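Q: So that you have it, the file is data_33.cif, and it contains mmCIF, C-alpha atoms and all ligand atoms:
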```
data_entry
loop_
_atom_site.label_atom_id
_atom_site.label_comp_id
_atom_site.auth_asym_id
_atom_site.auth_seq_id
_atom_site.Cartn_x
_atom_site.Cartn_y
_atom_site.Cartn_z
CA MET J 21 -14.98 -8.78 -6.44
CA GLY J 22 -11.81 -8.72 -8.57
CA GLU J 23 -8.32 -9.69 -7.44
CA LEU J 24 -6.58 -6.88 -5.49
CA VAL J 25 -3.41 -5.89 -7.33
CA ILE J 26 -0.88 -3.28 -6.21
CA VAL J 27 1.03 -1.70 -9.08
CA ALA J 28 4.24 0.26 -8.45
CA ILE J 29 5.38 2.79 -11.05
CA GLY J 30 9.15 3.43 -11.18
CA GLY J 31 10.25 7.05 -10.84
CA ASN J 32 12.91 6.54 -13.54
CA ALA J 33 10.23 5.23 -15.92
CA LEU J 34 8.62 8.70 -15.84
CA VAL J 35 11.83 10.53 -16.77
CA LYS J 36 13.31 10.16 -20.26
CA GLU J 37 15.83 13.04 -20.50
CA ASN J 38 17.86 12.80 -17.27
CA GLY J 39 16.44 15.91 -15.64
CA ARG J 40 15.85 17.92 -18.82
CA ASP J 41 12.22 16.74 -19.00
CA SER J 42 9.53 19.34 -18.40
CA ILE J 43 6.66 18.62 -16.02
CA GLN J 44 4.47 18.24 -19.15
CA ASP J 45 6.90 15.58 -20.46
CA GLN J 46 6.47 13.72 -17.18
CA TYR J 47 2.67 14.03 -17.48
CA GLU J 48 2.83 12.48 -20.96
CA ALA J 49 4.80 9.53 -19.49
CA VAL J 50 2.24 9.25 -16.66
CA LYS J 51 -0.66 9.24 -19.16
CA GLU J 52 0.98 6.46 -21.17
CA THR J 53 1.59 4.39 -18.00
CA VAL J 54 -1.92 4.83 -16.59
CA SER J 55 -3.52 3.79 -19.89
CA HIS J 56 -2.01 0.33 -19.25
CA ILE J 57 -3.26 0.37 -15.65
CA ALA J 58 -6.75 1.30 -16.93
CA ASP J 59 -6.62 -1.75 -19.24
CA MET J 60 -6.22 -3.95 -16.16
CA ILE J 61 -9.00 -2.21 -14.29
CA GLU J 62 -11.27 -2.62 -17.32
CA GLU J 63 -10.60 -6.36 -17.09
CA GLY J 64 -11.96 -6.36 -13.52
CA TYR J 65 -8.84 -6.06 -11.32
CA LYS J 66 -9.03 -3.85 -8.20
CA VAL J 67 -5.91 -1.69 -8.29
CA VAL J 68 -3.84 0.35 -5.85
CA VAL J 69 -1.10 2.45 -7.45
CA THR J 70 2.18 3.39 -5.79
CA HIS J 71 5.05 5.26 -7.42
CA GLY J 72 8.69 6.18 -7.02
CA ASN J 73 10.27 9.62 -6.86
CA GLY J 74 14.02 8.89 -7.03
CA PRO J 75 14.83 11.26 -9.91
CA GLN J 76 12.19 13.84 -8.96
CA VAL J 77 13.16 14.16 -5.28
CA GLY J 78 16.79 14.68 -6.31
CA PHE J 79 15.73 17.42 -8.74
CA ALA J 80 13.63 19.04 -5.99
CA MET J 81 16.60 19.02 -3.56
CA ARG J 82 18.89 20.49 -6.22
CA ARG J 83 16.43 23.29 -7.07
CA CYS J 84 16.32 24.26 -3.39
CA GLU J 85 20.10 24.13 -3.04
CA ILE J 86 20.68 26.27 -6.14
CA ALA J 87 18.02 28.80 -5.07
CA ASN J 88 19.68 28.94 -1.64
CA GLU J 89 23.16 29.42 -3.13
CA ILE J 90 21.98 32.21 -5.46
CA THR J 91 19.34 34.05 -3.42
CA GLY J 92 19.74 32.85 0.18
CA MET J 93 16.17 31.51 0.05
CA PRO J 94 15.89 28.81 2.79
CA THR J 95 16.31 25.23 1.55
CA ILE J 96 13.52 22.71 2.03
CA PRO J 97 14.31 19.65 4.20
CA LEU J 98 14.53 16.34 2.31
CA VAL J 99 11.42 14.97 4.06
CA ASN J 100 9.40 17.91 2.71
CA CYS J 101 10.88 17.36 -0.76
CA VAL J 102 9.55 13.78 -0.51
CA ALA J 103 6.11 15.11 0.47
CA GLU J 104 6.16 17.59 -2.43
CA THR J 105 7.09 14.95 -5.00
CA GLN J 106 4.51 12.54 -3.58
CA GLY J 107 1.88 15.24 -4.03
CA GLY J 108 3.08 16.37 -7.47
CA ILE J 109 3.39 12.92 -9.03
CA GLY J 110 0.23 11.69 -7.25
CA TYR J 111 -1.68 14.63 -8.73
CA GLN J 112 -0.55 13.72 -12.24
CA ILE J 113 -1.46 10.04 -11.81
CA GLN J 114 -4.83 10.95 -10.26
CA GLN J 115 -5.76 13.36 -13.07
CA ALA J 116 -4.48 11.09 -15.84
CA LEU J 117 -6.40 8.08 -14.47
CA THR J 118 -9.57 10.14 -13.98
CA ASN J 119 -9.36 11.41 -17.56
CA GLU J 120 -8.58 7.94 -18.93
CA PHE J 121 -11.67 6.52 -17.18
CA ALA J 122 -13.80 9.39 -18.55
CA LYS J 123 -12.49 8.74 -22.08
CA ARG J 124 -13.42 5.06 -21.81
CA GLY J 125 -16.80 5.72 -20.18
CA MET J 126 -15.66 3.92 -17.01
CA LYS J 127 -17.24 4.90 -13.69
CA GLN J 128 -14.23 4.28 -11.38
CA LYS J 129 -13.33 7.01 -8.88
CA VAL J 130 -9.74 7.88 -7.99
CA ALA J 131 -8.25 9.21 -4.74
CA SER J 132 -4.69 9.86 -3.59
CA VAL J 133 -3.72 9.46 0.05
CA ILE J 134 -0.89 11.54 1.50
CA THR J 135 0.97 8.64 3.06
CA GLN J 136 3.36 8.73 6.00
CA VAL J 137 5.56 5.69 6.55
CA GLU J 138 7.13 4.91 9.90
CA VAL J 139 10.85 4.21 10.05
CA SER J 140 13.18 3.66 13.01
CA ILE J 141 15.57 6.37 14.11
CA ASP J 142 17.99 3.53 14.93
CA ASP J 143 17.88 2.11 11.39
CA PRO J 144 21.57 1.61 10.42
CA ASN J 145 20.72 2.79 6.88
CA PHE J 146 20.72 6.37 8.22
CA GLN J 147 24.52 6.01 8.59
CA ASN J 148 25.03 4.45 5.14
CA PRO J 149 23.27 6.28 2.27
CA THR J 150 22.23 3.92 -0.57
CA LYS J 151 19.20 5.43 -2.34
CA PRO J 152 20.13 7.02 -5.72
CA VAL J 153 18.27 10.27 -6.40
CA GLY J 154 18.28 12.92 -9.12
CA SER J 155 20.23 12.96 -12.39
CA PHE J 156 22.86 10.59 -13.71
CA PHE J 157 26.39 12.00 -14.07
CA THR J 158 29.49 10.85 -15.93
CA LEU J 159 32.46 9.88 -13.73
CA GLU J 160 34.11 13.22 -14.54
CA GLN J 161 30.96 15.21 -13.64
CA SER J 162 30.53 13.13 -10.49
CA GLU J 163 34.11 13.90 -9.34
CA ALA J 164 33.52 17.62 -10.01
CA MET J 165 30.23 17.57 -8.02
CA LYS J 166 31.94 15.81 -5.10
CA ALA J 167 34.75 18.39 -5.08
CA GLU J 168 32.14 21.18 -4.96
CA HIS J 169 29.92 19.42 -2.37
CA PRO J 170 32.20 17.36 -0.06
CA ASP J 171 29.18 16.04 1.91
CA TRP J 172 27.66 14.33 -1.18
CA VAL J 173 27.97 10.56 -1.54
CA MET J 174 27.90 9.33 -5.17
CA VAL J 175 27.55 5.76 -6.47
CA GLU J 176 27.54 4.05 -9.84
CA ASP J 177 23.93 3.06 -10.72
CA SER J 178 23.48 -0.09 -12.85
CA GLY J 179 25.82 0.95 -15.67
CA ARG J 180 23.77 4.13 -16.27
CA GLY J 181 26.16 6.63 -14.66
CA TYR J 182 26.83 8.10 -11.22
CA ARG J 183 24.14 9.41 -8.88
CA ARG J 184 23.94 11.06 -5.50
CA VAL J 185 22.68 8.77 -2.73
CA VAL J 186 20.69 9.58 0.43
CA PRO J 187 19.75 7.47 3.48
CA SER J 188 16.98 4.94 2.87
CA PRO J 189 15.62 3.35 6.07
CA ARG J 190 13.34 0.30 5.86
CA PRO J 191 9.60 0.97 6.21
CA ILE J 192 8.00 -0.40 9.39
CA ASP J 193 4.34 0.68 9.12
CA ILE J 194 2.09 2.51 6.66
CA ILE J 195 0.37 5.02 8.94
CA GLU J 196 -2.66 5.60 6.68
CA LYS J 197 -3.25 1.89 5.84
CA ASP J 198 -6.80 1.86 7.30
CA ALA J 199 -7.84 4.91 5.25
CA ILE J 200 -6.38 3.27 2.13
CA LYS J 201 -8.29 0.05 2.85
CA SER J 202 -11.56 1.95 3.41
CA LEU J 203 -11.17 3.71 0.06
CA ILE J 204 -10.48 0.41 -1.73
CA ASP J 205 -13.52 -1.15 -0.05
CA SER J 206 -15.60 1.86 -1.24
CA GLY J 207 -14.57 1.15 -4.84
CA TYR J 208 -11.83 3.76 -5.28
CA VAL J 209 -8.68 3.27 -7.29
CA VAL J 210 -6.22 4.49 -4.67
CA ILE J 211 -2.83 6.13 -5.18
CA ALA J 212 -0.72 5.75 -2.02
CA ALA J 213 2.80 5.49 -0.56
CA GLY J 214 4.18 7.71 -3.33
CA GLY J 215 7.94 8.09 -3.30
CA GLY J 216 8.07 5.27 -0.75
CA GLY J 217 5.97 7.39 1.62
CA ILE J 218 6.93 10.36 3.75
CA PRO J 219 9.43 9.05 6.32
CA VAL J 220 8.36 9.65 9.92
CA VAL J 221 9.53 8.43 13.32
CA LYS J 222 7.25 7.71 16.26
CA THR J 223 7.41 10.31 19.03
CA GLY J 224 4.59 8.94 21.19
CA ASP J 225 1.23 7.14 20.91
CA ASN J 226 -0.06 8.10 17.45
CA ALA J 227 2.45 10.95 17.26
CA TYR J 228 5.12 11.33 14.57
CA ASP J 229 7.86 13.64 13.30
CA GLY J 230 9.26 13.77 9.77
CA ILE J 231 12.84 12.64 9.18
CA ASP J 232 15.16 13.30 6.22
CA ALA J 233 15.41 10.19 4.02
CA VAL J 234 13.93 8.57 0.92
CA ILE J 235 12.28 5.21 1.54
CA ASP J 236 12.62 2.71 -1.29
CA LYS J 237 9.19 2.57 -2.93
CA ASP J 238 9.57 -1.15 -3.66
CA PHE J 239 9.90 -1.94 0.06
CA ALA J 240 7.07 0.48 0.94
CA THR J 241 4.87 -1.05 -1.78
CA SER J 242 5.58 -4.56 -0.54
CA LEU J 243 4.67 -3.56 3.04
CA LEU J 244 1.48 -1.81 1.89
CA ALA J 245 0.55 -4.86 -0.23
CA GLU J 246 0.93 -7.01 2.87
CA GLN J 247 -1.01 -4.61 5.13
CA ILE J 248 -3.97 -4.28 2.72
CA GLN J 249 -3.85 -8.02 1.88
CA ALA J 250 -3.27 -7.57 -1.86
CA GLU J 251 -2.95 -10.85 -3.75
CA THR J 252 -0.62 -9.64 -6.49
CA LEU J 253 2.30 -7.21 -6.46
CA ILE J 254 3.39 -5.79 -9.81
CA ILE J 255 6.54 -3.68 -10.00
CA THR J 256 6.78 -1.76 -13.27
CA THR J 257 10.15 -0.45 -14.36
CA GLY J 258 12.30 0.22 -17.43
CA VAL J 259 12.74 -3.42 -18.53
CA PRO J 260 10.15 -6.01 -19.69
CA ARG J 261 11.82 -8.78 -17.68
CA VAL J 262 14.41 -9.26 -14.95
CA CYS J 263 17.64 -10.71 -16.33
CA ILE J 264 20.56 -12.70 -15.12
CA ASN J 265 23.96 -11.51 -16.37
CA PHE J 266 22.26 -8.16 -17.00
CA GLY J 267 24.13 -6.01 -19.53
CA LYS J 268 26.55 -8.83 -20.43
CA PRO J 269 26.70 -10.76 -23.73
CA ASN J 270 25.16 -13.80 -22.00
CA GLN J 271 22.23 -11.79 -20.54
CA LYS J 272 19.12 -13.96 -20.12
CA ALA J 273 15.58 -12.72 -19.43
CA LEU J 274 13.67 -14.65 -16.77
CA GLU J 275 10.01 -15.65 -17.32
CA GLN J 276 9.23 -17.50 -14.11
CA ILE J 277 11.37 -18.12 -11.06
CA SER J 278 10.76 -19.73 -7.70
CA ILE J 279 11.68 -18.16 -4.36
CA GLU J 280 14.62 -20.56 -4.08
CA GLU J 281 15.94 -19.73 -7.58
CA THR J 282 15.58 -16.03 -6.83
CA LYS J 283 17.66 -16.41 -3.64
CA GLN J 284 20.29 -18.28 -5.60
CA TYR J 285 20.49 -15.45 -8.18
CA ILE J 286 20.80 -12.88 -5.36
CA ALA J 287 23.70 -14.88 -3.91
CA GLU J 288 25.31 -14.92 -7.38
CA ASP J 289 25.03 -11.10 -7.52
CA HIS J 290 22.78 -10.85 -10.60
CA PHE J 291 20.71 -7.91 -9.33
CA ALA J 292 22.21 -4.42 -9.03
CA LYS J 293 22.07 -2.71 -5.62
CA GLY J 294 19.86 0.41 -5.55
CA SER J 295 17.94 -0.62 -8.70
CA MET J 296 16.90 -4.26 -9.31
CA LEU J 297 17.97 -5.75 -5.96
CA PRO J 298 15.42 -3.82 -3.83
CA LYS J 299 12.64 -4.91 -6.23
CA ILE J 300 13.67 -8.54 -5.82
CA GLU J 301 14.05 -8.31 -2.03
CA ALA J 302 10.68 -6.53 -1.72
CA SER J 303 9.09 -9.24 -3.90
CA LEU J 304 10.46 -12.04 -1.72
CA SER J 305 9.31 -10.30 1.45
CA PHE J 306 5.74 -9.99 0.08
CA LEU J 307 5.63 -13.63 -1.07
CA GLU J 308 7.09 -14.99 2.17
CA LYS J 309 4.68 -12.96 4.35
CA SER J 310 1.32 -12.90 2.58
CA GLY J 311 1.24 -12.52 -1.22
CA SER J 312 0.35 -14.99 -3.97
CA ARG J 313 2.38 -13.70 -6.89
CA VAL J 314 4.82 -11.00 -7.96
CA ILE J 315 5.39 -9.69 -11.48
CA ILE J 316 8.23 -7.38 -12.56
CA THR J 317 7.76 -5.83 -16.01
CA ASN J 318 7.51 -2.57 -17.95
CA PRO J 319 4.25 -0.57 -18.02
CA GLU J 320 3.39 -1.45 -21.62
CA SER J 321 3.41 -5.18 -20.76
CA LEU J 322 1.06 -4.81 -17.76
CA LYS J 323 -2.11 -6.27 -19.25
CA ASP J 324 -0.30 -9.24 -20.81
CA ALA J 325 1.75 -9.74 -17.65
CA VAL J 326 -1.23 -9.91 -15.31
CA ASN J 327 -2.64 -12.57 -17.69
CA ASN J 328 0.65 -14.54 -17.48
CA GLN J 329 1.78 -13.62 -21.01
CA ALA J 330 4.69 -11.26 -20.19
CA GLY J 331 7.05 -10.09 -17.45
CA THR J 332 9.09 -11.98 -14.85
CA HIS J 333 6.87 -13.92 -12.47
CA ILE J 334 8.18 -14.85 -9.04
CA VAL J 335 6.08 -17.68 -7.65
CA LYS J 336 5.85 -19.62 -4.41
N1 LIG K 1 19.34 -8.03 -13.27
C1 LIG K 1 18.70 -7.01 -13.86
N2 LIG K 1 17.70 -7.26 -14.74
C2 LIG K 1 17.06 -6.24 -15.34
N3 LIG K 1 17.32 -4.93 -15.11
C3 LIG K 1 18.31 -4.62 -14.23
C4 LIG K 1 19.04 -5.65 -13.58
N4 LIG K 1 19.95 -5.06 -12.76
C5 LIG K 1 19.80 -3.74 -12.90
N5 LIG K 1 18.81 -3.46 -13.79
C6 LIG K 1 18.44 -2.07 -14.13
O1 LIG K 1 17.60 -1.63 -13.09
C7 LIG K 1 16.58 -0.78 -13.65
C8 LIG K 1 15.44 -0.68 -12.66
O2 LIG K 1 15.85 0.12 -11.56
P1 LIG K 1 15.46 1.66 -11.45
O3 LIG K 1 15.48 2.33 -12.80
O4 LIG K 1 16.31 2.23 -10.38
O5 LIG K 1 14.00 1.51 -10.92
P2 LIG K 1 12.67 2.39 -11.02
O6 LIG K 1 12.04 1.98 -12.34
O7 LIG K 1 11.90 1.88 -9.84
O8 LIG K 1 13.03 3.83 -10.94
C9 LIG K 1 16.25 -1.43 -14.97
O9 LIG K 1 15.61 -0.54 -15.87
C10 LIG K 1 17.65 -1.87 -15.44
O10 LIG K 1 18.27 -0.79 -16.13
N1 LIG K 2 11.47 6.27 -3.63
C1 LIG K 2 11.86 5.44 -4.64
O1 LIG K 2 12.21 4.29 -4.42
O2 LIG K 2 11.87 5.99 -5.91
P1 LIG K 2 12.33 5.27 -7.27
O3 LIG K 2 11.51 4.04 -7.42
O4 LIG K 2 11.99 6.31 -8.31
O5 LIG K 2 13.79 5.02 -7.17
#
```
Is it possible to give me this structure as structure tokens?

A:
Amino acid sequence: MGELVIVAIGGNALVKENGRDSIQDQYEAVKETVSHIADMIEEGYKVVVTHGNGPQVGFAMRRCEIANEITGMPTIPLVNCVAETQGGIGYQIQQALTNEFAKRGMKQKVASVITQVEVSIDDPNFQNPTKPVGSFFTLEQSEAMKAEHPDWVMVEDSGRGYRRVVPSPRPIDIIEKDAIKSLIDSGYVVIAAGGGGIPVVKTGDNAYDGIDAVIDKDFATSLLAEQIQAETLIITTGVPRVCINFGKPNQKALEQISIEETKQYIAEDHFAKGSMLPKIEASLSFLEKSGSRVIITNPESLKDAVNNQAGTHIVK
């Protein structure tokens, strides 16, 4: 049996026009990304796919708010917006992968699992929103949005503009992990924990309630990788390699770093909060608990990266 690899697709990587993309544009981006995942599967890797929803869940919230302002139609709670984006993006990945396999004459089957992820109601992150969602705004637009919506919290996101942030509690348990494992063992390519999973809190033995938040998909992916005993975690995003001094004249792309070097770079503040830092922290958590290797790269470098020819590799 091939090595079990979990591949996370960044939500921002599926959006090119800052909220002006159509759903067909997003599908084209999904098709391009999954063609690189299919390359890996063709080489014999067993793959589980997770994905983000940061931009998409923000767009979904905004659509509801605008419809409510104009027509009085009830808004949809954030947790349901997460579920909707998990379903919508999961559908596109599932169909694109199925069609890609058919085109290549591959026999793999694909299944998506609606995934709930347990969080704690006492998580301090509920009091301190950090997860950027939706479109990027200029400083001027951001100030205008805040004046119009005093309850919004906005932050600067990695030099790309200002974005609204929502609470992002840490994932504790992937509720459907056994179903995901059974599907992998039956030979399925599984799509799971989309958008970081649907946040739920425990209300009793095997009983849960949804709660408004967006879980970081990098932390959820790392936890799922641990719980299904994946060997390799690959986080795909908008850059081919992680950098130190990112965006500065002395920027340097990293090919391979140890856990110790990575911790040193965190201490030196090289990784932006809300974008690269969660990927790095999730990578360290996976390596320190159970994993063998982590790769951070862009989708087009996937096949080379898994064969040690591209990407940033974090090693034990
Ligand atoms: N040190 C860094 N090295 C490389 N990219 C960085 C760094 N710090 C911040 N970034 C930015 O973070 C982005 C990845 O975060 P983000 O777009 O939020 O993730 P996602 O792809 O999961 O949606 C990169 O595309 C890059 O613009
Ligand atoms: N939920 C989440 O972390 O989404 P992004 O990866 O798109 O930010």

Q: Report as a VMD selection string which protein, DNA and RNA residues come within 7 Å of ligand LIG 1 (chain K), using all atoms listed in the file.

A: chain J and resid 29 to 33 72 74 178 256 to 259 261 to 266 290 to 292 294 to 296

Q: Any idea what the distance is between atom CA of Ile86 of chain J and atom CA of His169 of chain J?

A: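 Value for the atom CA of Ile86 of chain J-atom CA of His169 of chain J distance: 12.1 Å.
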
Q: With all atoms listed in the file counted and 7 Å as the cut-off, give the residues of segment 40-71 of chain J in contact with segment 307-326 of chain J, each with its shortest interatomic distance in Å and the pair that gives it, as JSON lines.

A:
```
{"residue": "J:Thr53", "atom": "CA", "partner": "J:Pro319", "partner_atom": "CA", "distance": 5.6}
{"residue": "J:His56", "atom": "CA", "partner": "J:Glu320", "partner_atom": "CA", "distance": 6.2}
{"residue": "J:Asp59", "atom": "CA", "partner": "J:Lys323", "partner_atom": "CA", "distance": 6.4}
{"residue": "J:Met60", "atom": "CA", "partner": "J:Lys323", "partner_atom": "CA", "distance": 5.6}
```

Q: Could you give me, as a ChimeraX atom specification, the residues within 9 Å of Val77 of chain J, counting only C-alpha atoms and dropping anything in the same chain fewer than 5 positions from it?

A: /J:82,98,101-102,104-106,153-154,215,234

Q: Atom CA of Ala213 of chain J and atom CA of Gln76 of chain J are how many Å apart?

A: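 Calculated distance between atom CA of Ala213 of chain J and atom CA of Gln76 of chain J is 15.1 Å.
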
Q: If you measure from atom CA of Asp232 of chain J to atom CA of Arg190 of chain J, what distance in Å do you get, rounded to one decimal?

A: 13.1 Å

Q: From the set J:Pro97, J:Glu301, J:Lys268, J:Glu120, which residue has the shortest atom-to-atom contact distance to Gly179 of chain J, counting only C-alpha atoms?

A: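 Answer, going by the shortest atom-to-atom distance: J:Lys268.
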
Q: So that I can see what lies close to Pro219 of chain J, please list as an MDAnalysis selection string the residues with an atom at most 9 Å from it, counting only C-alpha atoms and leaving out residues fewer than 6 positions away in the same chain.

A: chainID J and resid 99 102 136:139 189 191 229:235

Q: Using all atoms listed in the file, find the one residue out of J:Asp177, J:Glu52, J:Glu168, J:Glu89 that sits nearest to ligand LIG 2 (chain K).

A: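 Smallest separation from ligand LIG 2 (chain K) among the options: J:Asp177.
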
Q: With all atoms listed in the file as the counted atoms, please give the residues lying no more than 12 Å from segment 40-42 of chain J, apart from itself and same-chain residues fewer than 2 positions off, as a list in words.

A: Asn32, Leu34, Val35, Lys36, Glu37, Asn38, Gln44, Asp45, Gln46, Tyr47, Glu48, Ala49, Pro75, Gln76, Phe79, Gly154, Ser155 and Phe156 of chain J

Q: Write a file of the selected residues as a PDB file, in the coordinates of the input, keeping C-alpha atoms.

A:
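Okay, this is what ended up in out10.pdb:
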```pdb
ATOM      1  CA  ASN J  32      12.910   6.540 -13.540  1.00  0.00           C
ATOM      2  CA  LEU J  34       8.620   8.700 -15.840  1.00  0.00           C
ATOM      3  CA  VAL J  35      11.830  10.530 -16.770  1.00  0.00           C
ATOM      4  CA  LYS J  36      13.310  10.160 -20.260  1.00  0.00           C
ATOM      5  CA  GLU J  37      15.830  13.040 -20.500  1.00  0.00           C
ATOM      6  CA  ASN J  38      17.860  12.800 -17.270  1.00  0.00           C
ATOM      7  CA  GLN J  44       4.470  18.240 -19.150  1.00  0.00           C
ATOM      8  CA  ASP J  45       6.900  15.580 -20.460  1.00  0.00           C
ATOM      9  CA  GLN J  46       6.470  13.720 -17.180  1.00  0.00           C
ATOM     10  CA  TYR J  47       2.670  14.030 -17.480  1.00  0.00           C
ATOM     11  CA  GLU J  48       2.830  12.480 -20.960  1.00  0.00           C
ATOM     12  CA  ALA J  49       4.800   9.530 -19.490  1.00  0.00           C
ATOM     13  CA  PRO J  75      14.830  11.260  -9.910  1.00  0.00           C
ATOM     14  CA  GLN J  76      12.190  13.840  -8.960  1.00  0.00           C
ATOM     15  CA  PHE J  79      15.730  17.420  -8.740  1.00  0.00           C
ATOM     16  CA  GLY J 154      18.280  12.920  -9.120  1.00  0.00           C
ATOM     17  CA  SER J 155      20.230  12.960 -12.390  1.00  0.00           C
ATOM     18  CA  PHE J 156      22.860  10.590 -13.710  1.00  0.00           C
TER      19      PHE J 156
END
```

Q: Show which residues sit within 8 Å of segment 204-212 of chain J, as a PyMOL selection string. Count only C-alpha atoms, and ignore same-chain residues fewer than 5 positions away.

A: chain J and resi 66-71+110+113-114+128-135+217

Q: Take the structure in the block and write a file for segment 302-324 of chain J, N, CA and C atoms, as a PDB file, in the first residue's frame.

A:
```pdb
ATOM      1  N   ALA J 302       0.797  24.270  12.788  1.00  0.00           N
ATOM      2  CA  ALA J 302       0.107  22.990  12.531  1.00  0.00           C
ATOM      3  C   ALA J 302       1.115  21.933  12.096  1.00  0.00           C
ATOM      4  N   SER J 303       2.113  22.346  11.315  1.00  0.00           N
ATOM      5  CA  SER J 303       3.147  21.418  10.837  1.00  0.00           C
ATOM      6  C   SER J 303       3.943  20.873  12.021  1.00  0.00           C
ATOM      7  N   LEU J 304       4.342  21.767  12.927  1.00  0.00           N
ATOM      8  CA  LEU J 304       5.133  21.335  14.087  1.00  0.00           C
ATOM      9  C   LEU J 304       4.332  20.385  14.961  1.00  0.00           C
ATOM     10  N   SER J 305       3.046  20.711  15.146  1.00  0.00           N
ATOM     11  CA  SER J 305       2.192  19.861  15.984  1.00  0.00           C
ATOM     12  C   SER J 305       2.132  18.454  15.398  1.00  0.00           C
ATOM     13  N   PHE J 306       1.949  18.342  14.081  1.00  0.00           N
ATOM     14  CA  PHE J 306       1.870  17.023  13.420  1.00  0.00           C
ATOM     15  C   PHE J 306       3.185  16.258  13.588  1.00  0.00           C
ATOM     16  N   LEU J 307       4.311  16.957  13.360  1.00  0.00           N
ATOM     17  CA  LEU J 307       5.614  16.277  13.441  1.00  0.00           C
ATOM     18  C   LEU J 307       5.927  15.846  14.868  1.00  0.00           C
ATOM     19  N   GLU J 308       5.560  16.690  15.837  1.00  0.00           N
ATOM     20  CA  GLU J 308       5.897  16.368  17.230  1.00  0.00           C
ATOM     21  C   GLU J 308       4.993  15.261  17.775  1.00  0.00           C
ATOM     22  N   LYS J 309       3.784  15.103  17.189  1.00  0.00           N
ATOM     23  CA  LYS J 309       2.873  14.076  17.720  1.00  0.00           C
ATOM     24  C   LYS J 309       3.040  12.751  16.985  1.00  0.00           C
ATOM     25  N   SER J 310       3.001  12.776  15.624  1.00  0.00           N
ATOM     26  CA  SER J 310       2.963  11.482  14.952  1.00  0.00           C
ATOM     27  C   SER J 310       3.597  11.446  13.570  1.00  0.00           C
ATOM     28  N   GLY J 311       3.666  12.578  12.866  1.00  0.00           N
ATOM     29  CA  GLY J 311       3.991  12.553  11.439  1.00  0.00           C
ATOM     30  C   GLY J 311       5.458  12.362  11.125  1.00  0.00           C
ATOM     31  N   SER J 312       5.743  12.019   9.860  1.00  0.00           N
ATOM     32  CA  SER J 312       7.125  11.843   9.413  1.00  0.00           C
ATOM     33  C   SER J 312       7.654  13.084   8.716  1.00  0.00           C
ATOM     34  N   ARG J 313       6.808  13.695   7.857  1.00  0.00           N
ATOM     35  CA  ARG J 313       7.319  14.876   7.147  1.00  0.00           C
ATOM     36  C   ARG J 313       6.179  15.821   6.801  1.00  0.00           C
ATOM     37  N   VAL J 314       6.554  17.091   6.648  1.00  0.00           N
ATOM     38  CA  VAL J 314       5.609  18.135   6.253  1.00  0.00           C
ATOM     39  C   VAL J 314       6.201  18.879   5.068  1.00  0.00           C
ATOM     40  N   ILE J 315       5.334  19.183   4.086  1.00  0.00           N
ATOM     41  CA  ILE J 315       5.776  19.985   2.936  1.00  0.00           C
ATOM     42  C   ILE J 315       4.793  21.148   2.786  1.00  0.00           C
ATOM     43  N   ILE J 316       5.329  22.350   2.598  1.00  0.00           N
ATOM     44  CA  ILE J 316       4.487  23.512   2.288  1.00  0.00           C
ATOM     45  C   ILE J 316       4.901  23.992   0.901  1.00  0.00           C
ATOM     46  N   THR J 317       3.929  24.058  -0.019  1.00  0.00           N
ATOM     47  CA  THR J 317       4.254  24.447  -1.395  1.00  0.00           C
ATOM     48  C   THR J 317       2.993  24.903  -2.118  1.00  0.00           C
ATOM     49  N   ASN J 318       3.139  25.251  -3.402  1.00  0.00           N
ATOM     50  CA  ASN J 318       1.936  25.604  -4.174  1.00  0.00           C
ATOM     51  C   ASN J 318       1.438  24.359  -4.925  1.00  0.00           C
ATOM     52  N   PRO J 319       0.171  24.357  -5.373  1.00  0.00           N
ATOM     53  CA  PRO J 319      -0.378  23.138  -5.971  1.00  0.00           C
ATOM     54  C   PRO J 319       0.432  22.640  -7.167  1.00  0.00           C
ATOM     55  N   GLU J 320       0.932  23.567  -8.004  1.00  0.00           N
ATOM     56  CA  GLU J 320       1.629  23.113  -9.208  1.00  0.00           C
ATOM     57  C   GLU J 320       2.949  22.401  -8.908  1.00  0.00           C
ATOM     58  N   SER J 321       3.467  22.573  -7.688  1.00  0.00           N
ATOM     59  CA  SER J 321       4.735  21.913  -7.338  1.00  0.00           C
ATOM     60  C   SER J 321       4.513  20.583  -6.608  1.00  0.00           C
ATOM     61  N   LEU J 322       3.242  20.170  -6.454  1.00  0.00           N
ATOM     62  CA  LEU J 322       2.943  19.002  -5.606  1.00  0.00           C
ATOM     63  C   LEU J 322       3.751  17.748  -5.946  1.00  0.00           C
ATOM     64  N   LYS J 323       3.710  17.373  -7.225  1.00  0.00           N
ATOM     65  CA  LYS J 323       4.344  16.102  -7.610  1.00  0.00           C
ATOM     66  C   LYS J 323       5.854  16.155  -7.356  1.00  0.00           C
ATOM     67  N   ASP J 324       6.475  17.292  -7.718  1.00  0.00           N
ATOM     68  CA  ASP J 324       7.914  17.429  -7.474  1.00  0.00           C
ATOM     69  C   ASP J 324       8.188  17.470  -5.975  1.00  0.00           C
TER      70      ASP J 324
END
```
